[in-house]
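S.K.: Pasting a structure here, questions to come.
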Amino acid sequence: MSIEYLGLSSINGPLIALEGVQDAFFDEIVEFVVDKNEHKMGRIVEVYEDKAVIQVFEGTEKMSLINTHTRLTGHPMEIALSPEMLGRTFNGIGEPIDDLGPINADKIRDVNGLPLNPVRREYPRNYIRTGISAIDGLTTLIRGQKLPIFSGNGLPHDQLAAQIVKQASLGDNSDEEFAIVFAAMGVKHDVADFFRRTFEESGVADHVAMFLNMANDPVVERLITPKVALTLAEYLAFEKNMHILVILTDMTSFAEAMREVSSSKGEIPSRKGFPGYLYSELATIYERAGIVQGVNGSVTQLPILTMPNDDITHPIPDLTGYITEGQIVLDRNLHGQSIYPPISILPSLSRLMKDGIGAGYTRDDHQDLANQLFSAYAKVGEARNLASVIGEDELSDLDKKYLEFGKEFEKRYIGQGPNENRSIQETLDLGWDLLRILPKEELDRVDTKILEQYYSR
Amino acid sequence: MHKTGSIYGINGPVIYLKGNTGFMMSEMVYVGEEKLVGEVISLDKDMTTIQVYEETSGLRPGEIVEASGSPVSVTLAPGIIDNIFDGIERPLERIADTGGAFITRGVSVDSLDRDKLWDTHMTVSVGSELHGGDIIAEVPETRAIVHKCMVPPGMCGTVTDVVPDGQYTIDEVLLTLKTPEGETKKLTMTQKWPIRTARPTSHRFPASVPLVTGQRILDTMFPIAKGGTAAIPGGFGTGKTMTQHQIAKWSDADIIIYIGCGERGNEMTQVLEEFSQLVDPKSGNPLMDRTTLIANTSNMPVAAREASIYTGLTLAEYYRDMGYDVAIMADSTSRWAEALRELSGRLEEMPAEEGFPAYLASRLSAFYERAGMMHNLNGTDGSVTIIGAVSPQGGDFSEPVTQNTKRFVRCFWGLDKSLAYSRHFPAIHWLTSYSEYLTDLAAWYHDNVSPKFVDYRNRLMALLNQESSLMEIVKLIGSDVLPDDQKLVLEIARVIRLGFLQQNAFHKDDTCVSLQKQYKMMEIILYLYKRCRELIAMNMPMSVLKEENIFERVIAIKYDVPNDNMQLLDQYMVDIDNFHNTIMEKNA
């Protein structure tokens, strides 16, 4: 029943309208042949009786109202899946671009996925050791979590993500199968190369599937890239029992693409021109992290987004923060002081941390220690503000101690080498080392017993 | 045969039918071959608009839409408590059993178990005159809750036939009524009620009893009444969900309806797991025995998210009618407002502020006004308390949802980012929050806790306010230059903040604190302040006072005094006197 339609009724940016179609359905995938040689794909985004509005993934260049043949495929956006996809590279809609031939499909899946039933979710509890103190100690990453990195242009978010991948993958759980799904949306070629090189150098390249939509690739394709990548991740995790770390970069480009398409559809904008469904759309991506009961695999997401103008209240980081289970925020000021990784710990948070740390997981003092470090570092900020007004010399002795603590904390705890892999013990002991700079009675967030046990050691 | 129409156009969750279909506003419809559930949201003579509660991909123009003949309703009968539903009262456990771990479309499951036999005790006999709302039977639904089956509102008559006590399903006829018009009506345990209509009551009482939550900043500083309304606004990571969890766990409501509206899947899983294990301090039963969860996570269809709030509210009203105190946790109302905005955008309605539809305020007010302490039709008293989380964009409280919510709630618990950043939890800021119930509840505190309770509370607030203005000076010139009496205010305010306002949800004793202990803690802090002021008045410098560790000891009361050993608190008064004497002796 593959009727071909010749010609189009209108083209507007990435959207085209087609009239006189029969039996088209919402969300159906269509194929175009332009000028008898170029193939493109599109998705039906609105349908009225015999008229369909279609979003073209590869962009509408070269299409005219007469040179295009359109064919309805009869299915929604699907992707062929197979464990062989690890070690391969694909474009933004899941077609191989590494010249190694097509994929032998094991399963074919709708990329939109389905919502995971909350009663069949397993609450994530196993922490992932990243070897980075600021993360392990204060914003612990949990298997099955979605923990984005909020960054800005020019900050080392890529290095940080790469270090997490290297150290987490080669961690203590090497008996379990571990793989990485990497989705790039509108990233620079250099960035994609950087990740490829890092994966090769750390010996994980054959465990990585890369989906690349570059900055100069069509914008609409970007809207599909994370869904394609997550479909593969879910397949590997829940059907092949693997632990999957999904890196999505850069979510800002994804949201910008949505705005672009939305405005060309003539939709009513809400905040900063983004469509009203930005939250729902981001949620369908982020919520695909998790663990299913009775399955040995997991999907952990590490999305990276660059905050426009470093503004954390911009709709993209804002809505992301409401969906994800915490965030790691990078700070330009720390970066300026050559502290790597420049993690600004006060706004950073891991919501799942409280259930994955402590006795039985890391160590009994972990939660109290983390609370105390957060609280002490917040006071450092107050002392610094005061010092900038009245001068450091005029500060009380206690405030001076806080300044010292702040400096040491940033240098030794937050700061570490890009190849330095610290154990949990080292991270926690370092925390106590730093707290000893402060008098004992200042440590008001720690249970009296834990304080006795660890402070005086 | 119900009316039908055929699909003309599809745009996301909104579909259009051409022509005059004869459907009713808010009528529930079944869309397409898969019978997706939808609701009629606008009608004109050329076009019928429907929002679909499930994913619409795969729908084609021309597919049939069938009307159900009734508005979107919930089924009310035993089996609601200790259950988890999606936004339109479909049990998620059943969906998982039939469809697997992922939620597929067009799943047709009954809201409640229709095969389960319930132990039923009939409370009426032949010849009884019954009116709408009257209780006809009692069913132990869980260990904690006795379900009272009622005559649906608007129905009355004389009982002509009644079954004996025994085991019945929710569909079996329990009694037959003969109405004054001469009709016979057969009543089962089950009622249906449209979610967008408030259930009728006799009349409303003014707020007079607090909902005791065991959280110091709430109970003492900003109390909420049973039947009251509260909003918890806060940016992400400030602890909205955590605060709601704490209230759901420890408050003295009989029943908790927890609505996860557009929030995280893992959070709902956590509530489910945790509440099954935790024990209700009042009854000793698992917390799930008094809890119903409505989970419409952020990746579930947006139209059902909009409905989930009303579904939860209707369930709450039903249990209120039985005479229970019900508390609703709505997390988060902003997601509901955004669902309104999303649907409004699809309908191409004229947007008002920030793209929200102009009817946002009226919808919010209609929602919050369904709360209240009520005298029910059957003579019992019950209440619905609504506690709604608000997720303002960018943490900015001036946005439309927060502002409009503020107009309709009487309790405002503003979460503060800087408190959350320094891990001061609950991060409810004492200067931006307020409770209009304080005066209403003063009499209750006077009679049930202590005549001095409200006075103490006001004195703590005054100290915190003084601290805030002193901090303005300290920020400019440092604290060393302040006179000693002001330094004392700062120190006592610190004791209040750390020892009283801050509360550790993960500490076994601190997670829930009785009003009596809250009162005692205030008393100790104020006594400490009084004795220190005497010392300062005798020109003892603050530095000398701080040499003793009494301040730190008072701060640690929350950890050091177990809830079951409150006598220990009396020792602190003695210790403060000793501290006073020691200072006097040393520096005489």
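For the structure tokens, the naming scheme is as follows: chains receive sequential letters (A, B, ...) according to their order of presentation, residues are indexed from 1 within each chain, and ligands are indexed from 1 in presentation order.
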For Leu112 in chain B, work out the shell of residues within 12 Å, counting only C-alpha atoms and skipping chain neighbours fewer than 4 positions away, then give it as a list in words.

M.R.: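 Selected residues are Val74, Thr75, Leu76, Ala77, Pro78, Gly79, Ile80, Ile81, Asp82, Asn83, Ile84, Phe85, Glu89, Arg90, Pro91, Leu92, Glu93, Arg94, Ile95, Lys116, Thr169, Ile170, Asp171, Met189, Thr190, Gln191 and Lys192 of chain B.
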
S.K.: Taking the DSSP assignment computed from this structure's backbone, write out as number ranges by chain all residues of range 26-272 of chain A that belong to alpha helix (DSSP H).

M.R.: A: 133, 157-169, 189-201, 219-222, 225-239, 251-264

S.K.: If we count only C-alpha atoms, what is near Ile93 in chain A at a cut-off of 9 Å, once residues fewer than 4 positions away on the same chain are taken out, given as a short mmCIF file (atom, residue, chain, number, x, y, z; two decimals) with N, CA, C and O atoms, in the first residue's frame?

M.R.:
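Wrote around.cif, looks like this:
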data_model
loop_
_atom_site.label_atom_id
_atom_site.label_comp_id
_atom_site.auth_asym_id
_atom_site.auth_seq_id
_atom_site.Cartn_x
_atom_site.Cartn_y
_atom_site.Cartn_z
N PHE A 57 13.48 15.68 8.83
CA PHE A 57 14.66 15.57 9.70
C PHE A 57 15.90 16.20 9.08
O PHE A 57 16.65 16.90 9.73
N ILE A 79 13.70 2.10 15.28
CA ILE A 79 15.12 1.87 15.10
C ILE A 79 15.38 0.38 15.27
O ILE A 79 14.77 -0.28 16.12
N PHE A 211 25.99 8.35 18.84
CA PHE A 211 25.00 8.94 17.93
C PHE A 211 25.37 10.40 17.77
O PHE A 211 25.34 11.15 18.75
N LEU A 212 25.74 10.79 16.56
CA LEU A 212 26.29 12.12 16.39
C LEU A 212 25.41 12.99 15.51
O LEU A 212 25.17 12.66 14.35
N ASN A 213 24.95 14.08 16.08
CA ASN A 213 24.32 15.13 15.29
C ASN A 213 25.16 16.36 15.52
O ASN A 213 25.20 16.90 16.62
N GLU A 221 16.73 16.88 13.08
CA GLU A 221 17.31 15.58 13.40
C GLU A 221 17.64 15.48 14.89
O GLU A 221 17.50 14.45 15.52
N ARG A 222 18.04 16.61 15.44
CA ARG A 222 18.41 16.70 16.86
C ARG A 222 17.28 16.29 17.79
O ARG A 222 17.52 15.84 18.90
N ILE A 224 15.31 13.96 17.48
CA ILE A 224 15.15 12.51 17.51
C ILE A 224 16.36 11.84 18.17
O ILE A 224 16.26 10.79 18.79
N THR A 225 17.53 12.50 18.07
CA THR A 225 18.78 11.86 18.52
C THR A 225 18.71 11.29 19.94
O THR A 225 19.02 10.12 20.13
N LYS A 227 16.23 10.37 21.67
CA LYS A 227 15.26 9.28 21.77
C LYS A 227 15.82 8.00 21.17
O LYS A 227 15.61 6.91 21.71
N VAL A 228 16.53 8.16 20.05
CA VAL A 228 17.14 6.99 19.43
C VAL A 228 18.16 6.38 20.39
O VAL A 228 18.18 5.17 20.64
N ALA A 229 18.99 7.26 20.98
CA ALA A 229 20.04 6.78 21.87
C ALA A 229 19.44 6.08 23.09
O ALA A 229 19.91 5.02 23.50
#

S.K.: Show which residues sit within 9 Å of Tyr445 in chain B, as a PyMOL selection string. Count only C-alpha atoms, and ignore same-chain residues fewer than 5 positions away.

M.R.: chain B and resi 209-210+450-454

S.K.: Quick one: contact table of chain A to chain B, 6 Å max, nearest atom pair and distance in Å to one decimal per residue, counting only C-alpha atoms, chain and number order, as JSON lines?

M.R.:
{"residue": "A:Phe25", "atom": "CA", "partner": "B:Arg60", "partner_atom": "CA", "distance": 4.2}
{"residue": "A:Phe26", "atom": "CA", "partner": "B:Ser57", "partner_atom": "CA", "distance": 5.0}
{"residue": "A:Asp27", "atom": "CA", "partner": "B:Ser57", "partner_atom": "CA", "distance": 5.0}
{"residue": "A:Glu46", "atom": "CA", "partner": "B:Asn11", "partner_atom": "CA", "distance": 5.0}
{"residue": "A:Val47", "atom": "CA", "partner": "B:Ile10", "partner_atom": "CA", "distance": 5.3}
{"residue": "A:Tyr48", "atom": "CA", "partner": "B:Gly9", "partner_atom": "CA", "distance": 3.8}
{"residue": "A:Glu49", "atom": "CA", "partner": "B:Tyr8", "partner_atom": "CA", "distance": 5.0}
{"residue": "A:Leu114", "atom": "CA", "partner": "B:Phe102", "partner_atom": "CA", "distance": 5.8}
{"residue": "A:Pro115", "atom": "CA", "partner": "B:Ile103", "partner_atom": "CA", "distance": 5.6}
{"residue": "A:Leu116", "atom": "CA", "partner": "B:Phe102", "partner_atom": "CA", "distance": 4.4}
{"residue": "A:Asn117", "atom": "CA", "partner": "B:Phe102", "partner_atom": "CA", "distance": 5.4}
{"residue": "A:Pro118", "atom": "CA", "partner": "B:Gly265", "partner_atom": "CA", "distance": 5.5}
{"residue": "A:Arg120", "atom": "CA", "partner": "B:Ala101", "partner_atom": "CA", "distance": 5.5}
{"residue": "A:Tyr123", "atom": "CA", "partner": "B:Asn266", "partner_atom": "CA", "distance": 6.0}
{"residue": "A:Ile268", "atom": "CA", "partner": "B:Gly345", "partner_atom": "CA", "distance": 5.7}
{"residue": "A:Ser270", "atom": "CA", "partner": "B:Gly355", "partner_atom": "CA", "distance": 4.4}
{"residue": "A:Arg271", "atom": "CA", "partner": "B:Glu354", "partner_atom": "CA", "distance": 6.0}
{"residue": "A:Gly276", "atom": "CA", "partner": "B:Glu342", "partner_atom": "CA", "distance": 4.9}
{"residue": "A:Tyr277", "atom": "CA", "partner": "B:Glu342", "partner_atom": "CA", "distance": 5.6}
{"residue": "A:Ala283", "atom": "CA", "partner": "B:Asn299", "partner_atom": "CA", "distance": 5.3}
{"residue": "A:Thr284", "atom": "CA", "partner": "B:Asn299", "partner_atom": "CA", "distance": 4.5}
{"residue": "A:Thr313", "atom": "CA", "partner": "B:Gly394", "partner_atom": "CA", "distance": 4.1}
{"residue": "A:Asp318", "atom": "CA", "partner": "B:Gly394", "partner_atom": "CA", "distance": 5.7}
{"residue": "A:Gly321", "atom": "CA", "partner": "B:Phe236", "partner_atom": "CA", "distance": 5.9}
{"residue": "A:Tyr322", "atom": "CA", "partner": "B:Phe236", "partner_atom": "CA", "distance": 5.4}
{"residue": "A:Leu346", "atom": "CA", "partner": "B:Tyr421", "partner_atom": "CA", "distance": 4.9}
{"residue": "A:Pro347", "atom": "CA", "partner": "B:Tyr421", "partner_atom": "CA", "distance": 5.9}
{"residue": "A:Phe374", "atom": "CA", "partner": "B:Ser422", "partner_atom": "CA", "distance": 5.6}
{"residue": "A:Ser375", "atom": "CA", "partner": "B:Ser422", "partner_atom": "CA", "distance": 4.5}
{"residue": "A:Ala378", "atom": "CA", "partner": "B:Ser422", "partner_atom": "CA", "distance": 5.1}
{"residue": "A:Leu386", "atom": "CA", "partner": "B:Lys475", "partner_atom": "CA", "distance": 5.8}
